[in-house]
Every structure is written in C-alpha cells, then in structure tokens.
>>> print(open('work.cif').read())   # mmCIF, C-alpha atoms
data_my_file
#
loop_
_atom_site.group_PDB
_atom_site.id
_atom_site.type_symbol
_atom_site.label_atom_id
_atom_site.label_comp_id
_atom_site.auth_asym_id
_atom_site.auth_seq_id
_atom_site.Cartn_x
_atom_site.Cartn_y
_atom_site.Cartn_z
ATOM 1 C CA MET A 108 -89.584 -20.874 -219.629
ATOM 2 C CA SER A 109 -90.999 -17.462 -220.530
ATOM 3 C CA GLY A 110 -88.253 -15.460 -218.822
ATOM 4 C CA SER A 111 -85.078 -15.684 -216.832
ATOM 5 C CA SER A 112 -84.618 -16.699 -213.236
ATOM 6 C CA GLY A 113 -82.460 -14.762 -210.840
ATOM 7 C CA PHE A 114 -82.143 -12.069 -208.216
ATOM 8 C CA ARG A 115 -81.389 -8.346 -208.180
ATOM 9 C CA GLU A 116 -77.841 -7.111 -207.737
ATOM 10 C CA GLY A 117 -77.060 -6.699 -204.066
ATOM 11 C CA THR A 118 -78.724 -9.974 -203.035
ATOM 12 C CA GLN A 119 -76.460 -11.669 -200.487
ATOM 13 C CA VAL A 120 -75.501 -15.316 -201.026
ATOM 14 C CA ARG A 121 -74.288 -17.538 -198.210
ATOM 15 C CA ALA A 122 -70.666 -18.663 -198.558
ATOM 16 C CA PRO A 123 -68.546 -20.635 -196.066
ATOM 17 C CA ALA A 124 -66.718 -17.440 -195.016
ATOM 18 C CA GLY A 125 -69.917 -15.359 -194.742
ATOM 19 C CA GLU A 126 -72.329 -13.473 -196.990
ATOM 20 C CA VAL A 127 -71.201 -12.208 -200.425
ATOM 21 C CA ALA A 128 -73.042 -10.047 -202.956
ATOM 22 C CA LEU A 129 -74.346 -12.163 -205.836
ATOM 23 C CA GLU A 130 -72.767 -9.915 -208.479
ATOM 24 C CA ARG A 131 -69.285 -10.501 -206.997
ATOM 25 C CA LEU A 132 -69.367 -14.272 -207.529
ATOM 26 C CA VAL A 133 -67.384 -15.842 -210.377
ATOM 27 C CA PRO A 134 -66.975 -19.438 -211.582
ATOM 28 C CA GLY A 135 -64.908 -21.394 -209.077
ATOM 29 C CA ASP A 136 -66.115 -19.478 -206.022
ATOM 30 C CA VAL A 137 -67.616 -21.589 -203.230
ATOM 31 C CA VAL A 138 -71.119 -21.011 -201.842
ATOM 32 C CA VAL A 139 -73.293 -22.946 -199.403
ATOM 33 C CA GLY A 140 -75.747 -25.238 -201.175
ATOM 34 C CA CYS A 141 -79.237 -26.156 -199.996
ATOM 35 C CA ASP A 142 -77.754 -29.306 -198.490
ATOM 36 C CA ASP A 143 -75.731 -27.067 -196.115
ATOM 37 C CA GLU A 144 -72.500 -28.151 -197.815
ATOM 38 C CA PRO A 145 -69.974 -26.030 -199.740
ATOM 39 C CA THR A 146 -70.320 -26.253 -203.516
ATOM 40 C CA ARG A 147 -68.529 -24.515 -206.378
ATOM 41 C CA VAL A 148 -70.132 -22.055 -208.738
ATOM 42 C CA HIS A 149 -69.983 -23.552 -212.244
ATOM 43 C CA HIS A 150 -71.095 -20.375 -213.970
ATOM 44 C CA VAL A 151 -72.927 -17.134 -213.325
ATOM 45 C CA ILE A 152 -75.890 -16.211 -215.522
ATOM 46 C CA ARG A 153 -76.585 -12.520 -216.101
ATOM 47 C CA THR A 154 -79.687 -11.660 -218.113
ATOM 48 C CA ARG A 155 -82.006 -8.717 -218.605
ATOM 49 C CA ALA A 156 -85.305 -9.159 -216.782
ATOM 50 C CA LYS A 157 -88.405 -6.983 -216.639
ATOM 51 C CA ARG A 158 -90.800 -8.875 -214.377
ATOM 52 C CA TRP A 159 -89.944 -8.894 -210.675
ATOM 53 C CA VAL A 160 -91.606 -9.903 -207.427
ATOM 54 C CA ARG A 161 -90.825 -8.430 -204.007
ATOM 55 C CA LEU A 162 -91.540 -10.811 -201.121
ATOM 56 C CA GLN A 163 -91.578 -9.659 -197.504
ATOM 57 C CA THR A 164 -91.872 -12.119 -194.636
ATOM 58 C CA ALA A 165 -93.170 -11.871 -191.066
ATOM 59 C CA SER A 166 -89.616 -11.445 -189.764
ATOM 60 C CA GLY A 167 -89.118 -8.428 -192.048
ATOM 61 C CA ALA A 168 -86.863 -10.207 -194.548
ATOM 62 C CA VAL A 169 -87.235 -8.970 -198.127
ATOM 63 C CA LEU A 170 -86.306 -10.786 -201.324
ATOM 64 C CA ILE A 171 -86.562 -9.386 -204.854
ATOM 65 C CA ALA A 172 -86.501 -12.063 -207.547
ATOM 66 C CA THR A 173 -87.676 -12.581 -211.082
ATOM 67 C CA PHE A 174 -91.108 -14.122 -211.559
ATOM 68 C CA GLU A 175 -89.456 -17.375 -212.671
ATOM 69 C CA GLN A 176 -87.015 -17.806 -209.780
ATOM 70 C CA ALA A 177 -87.684 -20.999 -207.788
ATOM 71 C CA VAL A 178 -87.699 -20.696 -203.980
ATOM 72 C CA LEU A 179 -88.409 -23.345 -201.349
ATOM 73 C CA MET A 180 -91.714 -22.969 -199.550
ATOM 74 C CA ILE A 181 -93.373 -25.305 -197.069
ATOM 75 C CA GLY A 182 -95.133 -27.162 -199.929
ATOM 76 C CA GLY A 183 -92.042 -27.609 -202.129
ATOM 77 C CA TRP A 184 -90.254 -25.587 -204.789
ATOM 78 C CA ALA A 185 -92.329 -22.811 -206.356
ATOM 79 C CA ARG A 186 -91.832 -19.897 -208.726
ATOM 80 C CA ALA A 187 -91.601 -16.600 -206.836
ATOM 81 C CA THR A 188 -94.569 -15.144 -208.731
ATOM 82 C CA THR A 189 -96.882 -17.942 -207.529
ATOM 83 C CA LEU A 190 -96.432 -17.096 -203.844
ATOM 84 C CA ALA A 191 -99.163 -15.369 -201.860
ATOM 85 C CA ALA A 192 -99.504 -13.890 -198.383
ATOM 86 C CA ALA A 193 -99.344 -16.598 -195.675
ATOM 87 C CA ASP A 194 -97.248 -18.976 -197.819
ATOM 88 C CA GLY A 195 -94.308 -20.218 -195.756
ATOM 89 C CA LEU A 196 -90.832 -19.674 -197.198
ATOM 90 C CA VAL A 197 -87.941 -21.761 -195.912
ATOM 91 C CA MET A 198 -85.013 -19.593 -194.915
ATOM 92 C CA PHE A 199 -81.861 -19.732 -192.864
ATOM 93 C CA ALA A 200 -81.988 -18.104 -189.440
ATOM 94 C CA ALA A 201 -79.921 -14.920 -189.249
ATOM 95 C CA GLY A 202 -76.509 -15.372 -187.687
ATOM 96 C CA VAL A 203 -76.529 -19.161 -187.815
ATOM 97 C CA GLY A 204 -73.526 -20.676 -189.556
ATOM 98 C CA THR A 205 -73.498 -23.813 -191.628
ATOM 99 C CA GLY A 206 -73.671 -27.067 -189.722
ATOM 100 C CA GLY A 207 -70.846 -28.668 -191.680
ATOM 101 C CA ALA A 208 -71.916 -32.150 -190.619
ATOM 102 C CA GLY A 209 -74.170 -33.967 -193.038
ATOM 103 C CA ALA A 210 -77.110 -32.648 -194.994
ATOM 104 C CA LEU A 211 -79.431 -29.845 -193.974
ATOM 105 C CA TRP A 212 -82.243 -32.388 -193.999
ATOM 106 C CA GLY A 213 -82.258 -36.145 -194.431
ATOM 107 C CA SER A 214 -83.597 -35.710 -197.926
ATOM 108 C CA GLU A 215 -85.827 -33.149 -199.565
ATOM 109 C CA ARG A 216 -88.536 -35.763 -200.176
ATOM 110 C CA GLU A 217 -88.335 -36.971 -196.562
ATOM 111 C CA TRP A 218 -88.750 -33.420 -195.270
ATOM 112 C CA LEU A 219 -91.622 -32.630 -197.624
ATOM 113 C CA GLY A 220 -93.286 -35.913 -196.667
ATOM 114 C CA ARG A 221 -93.062 -35.134 -192.934
ATOM 115 C CA ARG A 222 -94.138 -31.519 -192.935
ATOM 116 C CA GLY A 223 -97.349 -32.565 -191.216
ATOM 117 C CA SER A 224 -100.398 -30.351 -191.127
ATOM 118 C CA MET A 225 -98.571 -27.053 -191.737
ATOM 119 C CA ASP A 226 -100.341 -25.212 -194.524
ATOM 120 C CA ARG A 227 -100.993 -21.615 -195.515
ATOM 121 C CA ARG A 228 -103.687 -21.119 -192.888
ATOM 122 C CA ALA A 229 -101.373 -22.401 -190.128
ATOM 123 C CA LEU A 230 -98.563 -19.992 -191.004
ATOM 124 C CA ARG A 231 -100.000 -16.705 -189.807
ATOM 125 C CA GLY A 232 -97.573 -15.037 -187.412
ATOM 126 C CA GLY A 233 -94.268 -16.928 -187.334
ATOM 127 C CA PRO A 234 -91.488 -17.437 -188.129
ATOM 128 C CA TYR A 235 -91.570 -21.066 -187.051
ATOM 129 C CA PRO A 236 -88.747 -23.601 -186.729
ATOM 130 C CA VAL A 237 -88.881 -26.402 -189.292
ATOM 131 C CA PRO A 238 -89.002 -29.675 -187.355
ATOM 132 C CA ASN A 239 -87.056 -31.815 -189.840
ATOM 133 C CA LEU A 240 -84.409 -29.223 -190.674
ATOM 134 C CA ARG A 241 -81.392 -28.414 -188.580
ATOM 135 C CA LYS A 242 -81.525 -25.347 -186.363
ATOM 136 C CA ALA A 243 -80.226 -23.172 -189.215
ATOM 137 C CA ALA A 244 -83.591 -23.202 -191.047
ATOM 138 C CA ARG A 245 -87.086 -21.972 -190.315
ATOM 139 C CA VAL A 246 -90.358 -21.269 -192.075
ATOM 140 C CA ASP A 247 -91.124 -17.570 -192.384
ATOM 141 C CA PRO A 248 -94.632 -16.647 -193.626
ATOM 142 C CA VAL A 249 -94.942 -14.215 -196.515
ATOM 143 C CA VAL A 250 -96.811 -11.064 -195.440
ATOM 144 C CA SER A 251 -96.695 -9.107 -198.687
ATOM 145 C CA VAL A 252 -96.147 -9.789 -202.369
ATOM 146 C CA ALA A 253 -95.622 -6.991 -204.891
ATOM 147 C CA ARG A 254 -95.167 -7.648 -208.586
ATOM 148 C CA PHE A 255 -93.584 -4.928 -210.711
ATOM 149 C CA ILE A 256 -92.049 -4.225 -214.108
ATOM 150 C CA GLU A 257 -88.566 -2.714 -214.219
ATOM 151 C CA PRO A 258 -85.826 -3.560 -216.734
ATOM 152 C CA SER A 259 -82.794 -4.637 -214.718
ATOM 153 C CA VAL A 260 -80.077 -7.288 -214.547
ATOM 154 C CA ALA A 261 -81.037 -10.671 -213.079
ATOM 155 C CA ILE A 262 -78.246 -12.855 -211.719
ATOM 156 C CA ASP A 263 -78.469 -16.592 -211.104
ATOM 157 C CA LEU A 264 -75.917 -19.290 -210.342
ATOM 158 C CA VAL A 265 -75.364 -22.740 -211.765
ATOM 159 C CA LEU A 266 -73.575 -24.937 -209.254
ATOM 160 C CA GLU A 267 -71.208 -27.798 -210.052
ATOM 161 C CA GLN A 268 -73.344 -30.181 -208.002
ATOM 162 C CA GLY A 269 -76.650 -28.779 -209.297
ATOM 163 C CA GLY A 270 -79.355 -27.930 -206.796
ATOM 164 C CA GLY A 271 -79.794 -24.678 -204.966
ATOM 165 C CA TYR A 272 -78.137 -22.098 -202.781
ATOM 166 C CA VAL A 273 -78.977 -19.599 -200.044
ATOM 167 C CA ALA A 274 -79.857 -16.160 -201.507
ATOM 168 C CA GLY A 275 -81.050 -13.335 -199.296
ATOM 169 C CA GLY A 276 -81.444 -15.894 -196.511
ATOM 170 C CA PHE A 277 -83.922 -17.944 -198.569
ATOM 171 C CA LEU A 278 -83.380 -21.365 -200.096
ATOM 172 C CA ALA A 279 -83.337 -20.860 -203.876
ATOM 173 C CA ARG A 280 -82.978 -23.315 -206.716
ATOM 174 C CA SER A 281 -80.230 -22.563 -209.204
ATOM 175 C CA ALA A 282 -81.054 -22.185 -212.895
ATOM 176 C CA GLU A 283 -79.899 -25.714 -213.657
ATOM 177 C CA GLY A 284 -82.112 -27.128 -210.879
ATOM 178 C CA SER A 285 -85.284 -25.170 -211.657
ATOM 179 C CA ALA A 286 -88.541 -26.932 -212.403
ATOM 180 C CA PRO A 287 -88.791 -27.309 -216.203
ATOM 181 C CA ASP A 288 -92.576 -26.902 -216.335
ATOM 182 C CA GLY A 289 -92.598 -23.404 -214.883
ATOM 183 C CA GLY A 290 -94.351 -24.563 -211.724
ATOM 184 C CA HIS A 291 -93.765 -26.792 -208.763
ATOM 185 C CA ASP A 292 -91.597 -29.859 -208.906
ATOM 186 C CA GLY A 293 -92.672 -30.854 -205.426
ATOM 187 C CA PRO A 294 -96.080 -31.449 -203.871
ATOM 188 C CA LYS A 295 -98.928 -29.194 -204.954
ATOM 189 C CA ARG A 296 -99.679 -26.224 -202.724
ATOM 190 C CA ALA A 297 -102.865 -26.313 -200.681
ATOM 191 C CA GLY A 298 -105.569 -23.747 -201.162
#
>>> encode(input="work.cif", output="structure tokens")
Amino acid sequence: MSGSSGFREGTQVRAPAGEVALERLVPGDVVVGCDDEPTRVHHVIRTRAKRWVRLQTASGAVLIATFEQAVLMIGGWARATTLAAADGLVMFAAGVGTGGAGALWGSEREWLGRRGSMDRRALRGGPYPVPNLRKAARVDPVVSVARFIEPSVAIDLVLEQGGGYVAGGFLARSAEGSAPDGGHDGPKRAG
C-alpha cells in the first residue's frame, strides 16, 4: 500500500449509543460494524497522510478520506480515490438506529450478487434504497469528487472481529479488512 487509510478528525463513527468522533475512540470501545452488530475496537491507527479525497453525495453527505481508504460502493469495496461522479456509495440512512437482529445483509457476496442492473448510469439522482439491505442502508450517488494534498492526521480503526464500520454515515472497511492489492476485492466496477 502506498499510503495510509483513514479519515479526518471529526468524522463521526456509529456506536450503539449514537455517533462518536473518530478521534475519541480508544481500544475496547464498541462501534457498529458493517454487519450491523456491535464490535470492539482492537486498536486505533493514527498516521500522517497527505493525499485526501472529498466525496459529496446527492443527499449532501460529505466524507473526507485518504486516497487508500476502502468504502463500500454498489459494485463492491473500492479505494476512495477510485470513485467518480455517479458511483453509488452505500450508507446508513440518517436517524435510523441499528437493527440489532441479525446481519445487515444476508452476506456481502449475496448482496453483491443480487444488486441487479444498478450501475453508474442508473444512479443519477437518488439516493435509492438498497433492496437486499435492511431499511438502515441506501445507495447515495456521488455528485462530486475532489482530490487534494494537505498534511494531516488520518485515523482508522482495527476491529476485533475484522471487517468494517460506519464512518460519516458510509460503510468503510477497517485497515485490517482493506483490500491488499490497492483496488477492489469485490466485483469490478462497470464503465
């Protein structure tokens, strides 16, 4: 990996009791994982990063992440820097709590396999509910992508159970669960 993964200070992470600023988390704290279940933070990674990407979606949500940070889009996990306008990011709907019963989706592979004909061209407008996810998730199309250089602290989490967490409302893969090849570890993106 050419750089570090993570988010800017101030990014809110979903926890069972509500949102918490990423920089306030310490090992042992509990956050909500991508499977919609509570999971403990194993350790917090703080690194210096220079390359950032600012993503804004159709609903107005904004996420600032390092180039290398993996986020879940309609085609699978992707590095933040590879996203383009009209790509669909999977995010939690504002104000919706965790389901607490079972997984967010049957399995990641099952969801990716059933996403149907949704592709970048079909995601203009939005946000759209995700048919195979519980009501807490939706696809929100990216409307702008800005890459910039600014030395700053990047913060990422490694969870005891591996996998990802909800950062800034988006589903993000933790450092331990990131794709090792610097690209997708799911299906290839169309277009």
>>> resolve_selection(input="work.cif", expression="the PyMOL selection byres ((chain A and resi 155-172) around 6)", output="list in words")
Gly113, Phe114, Thr154, Thr173, Phe174, Asp247, Pro248, Val249, Val250, Ser251, Val252, Ala253, Arg254, Phe255, Ile256, Glu257, Pro258, Ser259, Val260 and Ala261 of chain A
>>> closest_residue(input="work.cif", among="A:Val197, A:Glu144, A:His150, A:Gly110", to="Gly275 of chain A", atoms="all atoms listed in the file")
A:Val197
>>> resolve_selection(input="work.cif", expression="the PyMOL selection byres ((chain A and resi 123) around 10)", output="PyMOL selection string")
chain A and resi 121-122+124-127+137-140+143-146+204-205+207
>>> closest_residue(input="work.cif", among="A:Tyr272, A:Gly195, A:Leu278, A:Leu264", to="His149 of chain A", atoms="all atoms listed in the file")
A:Leu264
>>> resolve_selection(input="work.cif", expression="the PyMOL selection byres ((chain A and resi 277) around 8)", output="JSON, numbers by chain")
{"A": [178, 179, 196, 197, 198, 199, 273, 274, 275, 276, 278, 279]}
>>> closest_residue(input="work.cif", among="A:Asp142, A:Asp136, A:Asp194, A:Glu116", to="Gly269 of chain A", atoms="only C-alpha atoms")
A:Asp142
>>> atom_distance(input="work.cif", atom1="atom CA of Arg280 of chain A", atom2="atom CA of Ala177 of chain A")
5.4 Å
>>> closest_residue(input="work.cif", among="A:Val151, A:Cys141, A:Thr189, A:Gln119", to="Val265 of chain A", atoms="all atoms listed in the file")
A:Val151
>>> atom_distance(input="work.cif", atom1="atom CA of Thr118 of chain A", atom2="atom CA of Leu266 of chain A")
17.0 Å
>>> closest_residue(input="work.cif", among="A:Thr188, A:Ile181, A:Glu175, A:Val246", to="Ser111 of chain A", atoms="all atoms listed in the file")
A:Glu175
>>> atom_distance(input="work.cif", atom1="atom CA of Val148 of chain A", atom2="atom CA of Trp184 of chain A")
20.8 Å
>>> residues_around(input="work.cif", residues="Glu130 of chain A", least_positions_apart="2", cutoff="8 Å", atoms="only C-alpha atoms", output="PyMOL selection string")
chain A and resi 116-117+128+132+262
>>> write_last_selection(input="work.cif", atoms="C-alpha atoms", output="PDB file, in the coordinates of the input")
ATOM      1  CA  GLU A 116     -77.841  -7.111-207.737  1.00  0.00           C
ATOM      2  CA  GLY A 117     -77.060  -6.699-204.066  1.00  0.00           C
ATOM      3  CA  ALA A 128     -73.042 -10.047-202.956  1.00  0.00           C
ATOM      4  CA  LEU A 132     -69.367 -14.272-207.529  1.00  0.00           C
ATOM      5  CA  ILE A 262     -78.246 -12.855-211.719  1.00  0.00           C
TER       6      ILE A 262
END
>>> decode(input="work.cif", residues="segment 127-151 of chain A", atoms="N, CA, C and O atoms", output="tab-separated table (two decimals), in the first residue's frame")
chain	number	residue	atom	x	y	z
A	127	VAL	N	-20.03	9.03	17.51
A	127	VAL	CA	-18.89	9.48	18.31
A	127	VAL	C	-17.78	9.90	17.34
A	127	VAL	O	-17.60	9.29	16.29
A	128	ALA	N	-17.06	10.95	17.70
A	128	ALA	CA	-15.96	11.41	16.85
A	128	ALA	C	-14.86	10.35	16.83
A	128	ALA	O	-14.49	9.81	17.87
A	129	LEU	N	-14.35	10.06	15.65
A	129	LEU	CA	-13.34	9.04	15.45
A	129	LEU	C	-12.15	9.20	16.39
A	129	LEU	O	-11.66	8.24	16.97
A	130	GLU	N	-11.69	10.45	16.57
A	130	GLU	CA	-10.51	10.69	17.40
A	130	GLU	C	-10.74	10.41	18.89
A	130	GLU	O	-9.79	10.30	19.66
A	131	ARG	N	-11.99	10.24	19.30
A	131	ARG	CA	-12.28	9.97	20.72
A	131	ARG	C	-12.27	8.47	21.03
A	131	ARG	O	-12.34	8.08	22.20
A	132	LEU	N	-12.24	7.63	20.01
A	132	LEU	CA	-12.29	6.19	20.23
A	132	LEU	C	-10.95	5.66	20.72
A	132	LEU	O	-9.89	6.13	20.30
A	133	VAL	N	-11.02	4.67	21.62
A	133	VAL	CA	-9.83	4.01	22.16
A	133	VAL	C	-10.06	2.50	22.12
A	133	VAL	O	-11.22	2.04	22.02
A	134	PRO	N	-8.99	1.70	22.19
A	134	PRO	CA	-9.19	0.25	22.22
A	134	PRO	C	-10.15	-0.15	23.33
A	134	PRO	O	-10.11	0.40	24.44
A	135	GLY	N	-11.06	-1.06	22.98
A	135	GLY	CA	-12.07	-1.51	23.93
A	135	GLY	C	-13.42	-0.85	23.73
A	135	GLY	O	-14.44	-1.39	24.17
A	136	ASP	N	-13.46	0.32	23.10
A	136	ASP	CA	-14.74	0.96	22.80
A	136	ASP	C	-15.52	0.08	21.83
A	136	ASP	O	-14.95	-0.71	21.07
A	137	VAL	N	-16.83	0.25	21.81
A	137	VAL	CA	-17.70	-0.54	20.94
A	137	VAL	C	-18.27	0.37	19.85
A	137	VAL	O	-18.76	1.47	20.14
A	138	VAL	N	-18.18	-0.10	18.61
A	138	VAL	CA	-18.76	0.60	17.46
A	138	VAL	C	-19.68	-0.37	16.73
A	138	VAL	O	-19.69	-1.56	17.02
A	139	VAL	N	-20.45	0.15	15.78
A	139	VAL	CA	-21.31	-0.71	14.97
A	139	VAL	C	-20.54	-1.13	13.73
A	139	VAL	O	-20.03	-0.30	12.98
A	140	GLY	N	-20.43	-2.44	13.52
A	140	GLY	CA	-19.74	-2.97	12.36
A	140	GLY	C	-20.62	-2.95	11.13
A	140	GLY	O	-21.82	-2.66	11.20
A	141	CYS	N	-20.05	-3.29	9.99
A	141	CYS	CA	-20.81	-3.33	8.73
A	141	CYS	C	-21.88	-4.40	8.74
A	141	CYS	O	-22.78	-4.38	7.90
A	142	ASP	N	-21.80	-5.34	9.68
A	142	ASP	CA	-22.85	-6.35	9.78
A	142	ASP	C	-23.98	-5.90	10.69
A	142	ASP	O	-24.85	-6.67	11.05
A	143	ASP	N	-23.96	-4.61	11.08
A	143	ASP	CA	-25.00	-4.01	11.92
A	143	ASP	C	-24.96	-4.53	13.35
A	143	ASP	O	-25.92	-4.41	14.09
A	144	GLU	N	-23.84	-5.13	13.75
A	144	GLU	CA	-23.68	-5.67	15.09
A	144	GLU	C	-22.58	-4.91	15.83
A	144	GLU	O	-21.61	-4.47	15.20
A	145	PRO	N	-22.70	-4.78	17.16
A	145	PRO	CA	-21.64	-4.14	17.93
A	145	PRO	C	-20.33	-4.95	17.85
A	145	PRO	O	-20.36	-6.17	17.88
A	146	THR	N	-19.23	-4.25	17.75
A	146	THR	CA	-17.92	-4.89	17.74
A	146	THR	C	-16.92	-3.97	18.43
A	146	THR	O	-17.05	-2.75	18.37
A	147	ARG	N	-15.94	-4.57	19.09
A	147	ARG	CA	-14.96	-3.80	19.85
A	147	ARG	C	-13.82	-3.31	18.96
A	147	ARG	O	-13.39	-4.00	18.04
A	148	VAL	N	-13.35	-2.12	19.31
A	148	VAL	CA	-12.17	-1.57	18.65
A	148	VAL	C	-10.94	-2.28	19.22
A	148	VAL	O	-10.74	-2.28	20.44
A	149	HIS	N	-10.16	-2.90	18.36
A	149	HIS	CA	-8.93	-3.58	18.80
A	149	HIS	C	-7.82	-2.56	18.98
A	149	HIS	O	-7.15	-2.55	20.00
A	150	HIS	N	-7.60	-1.74	17.97
A	150	HIS	CA	-6.70	-0.60	18.14
A	150	HIS	C	-7.02	0.51	17.13
A	150	HIS	O	-7.74	0.30	16.17
A	151	VAL	N	-6.52	1.68	17.46
A	151	VAL	CA	-6.75	2.88	16.65
A	151	VAL	C	-5.43	3.22	15.98
A	151	VAL	O	-4.39	3.29	16.64
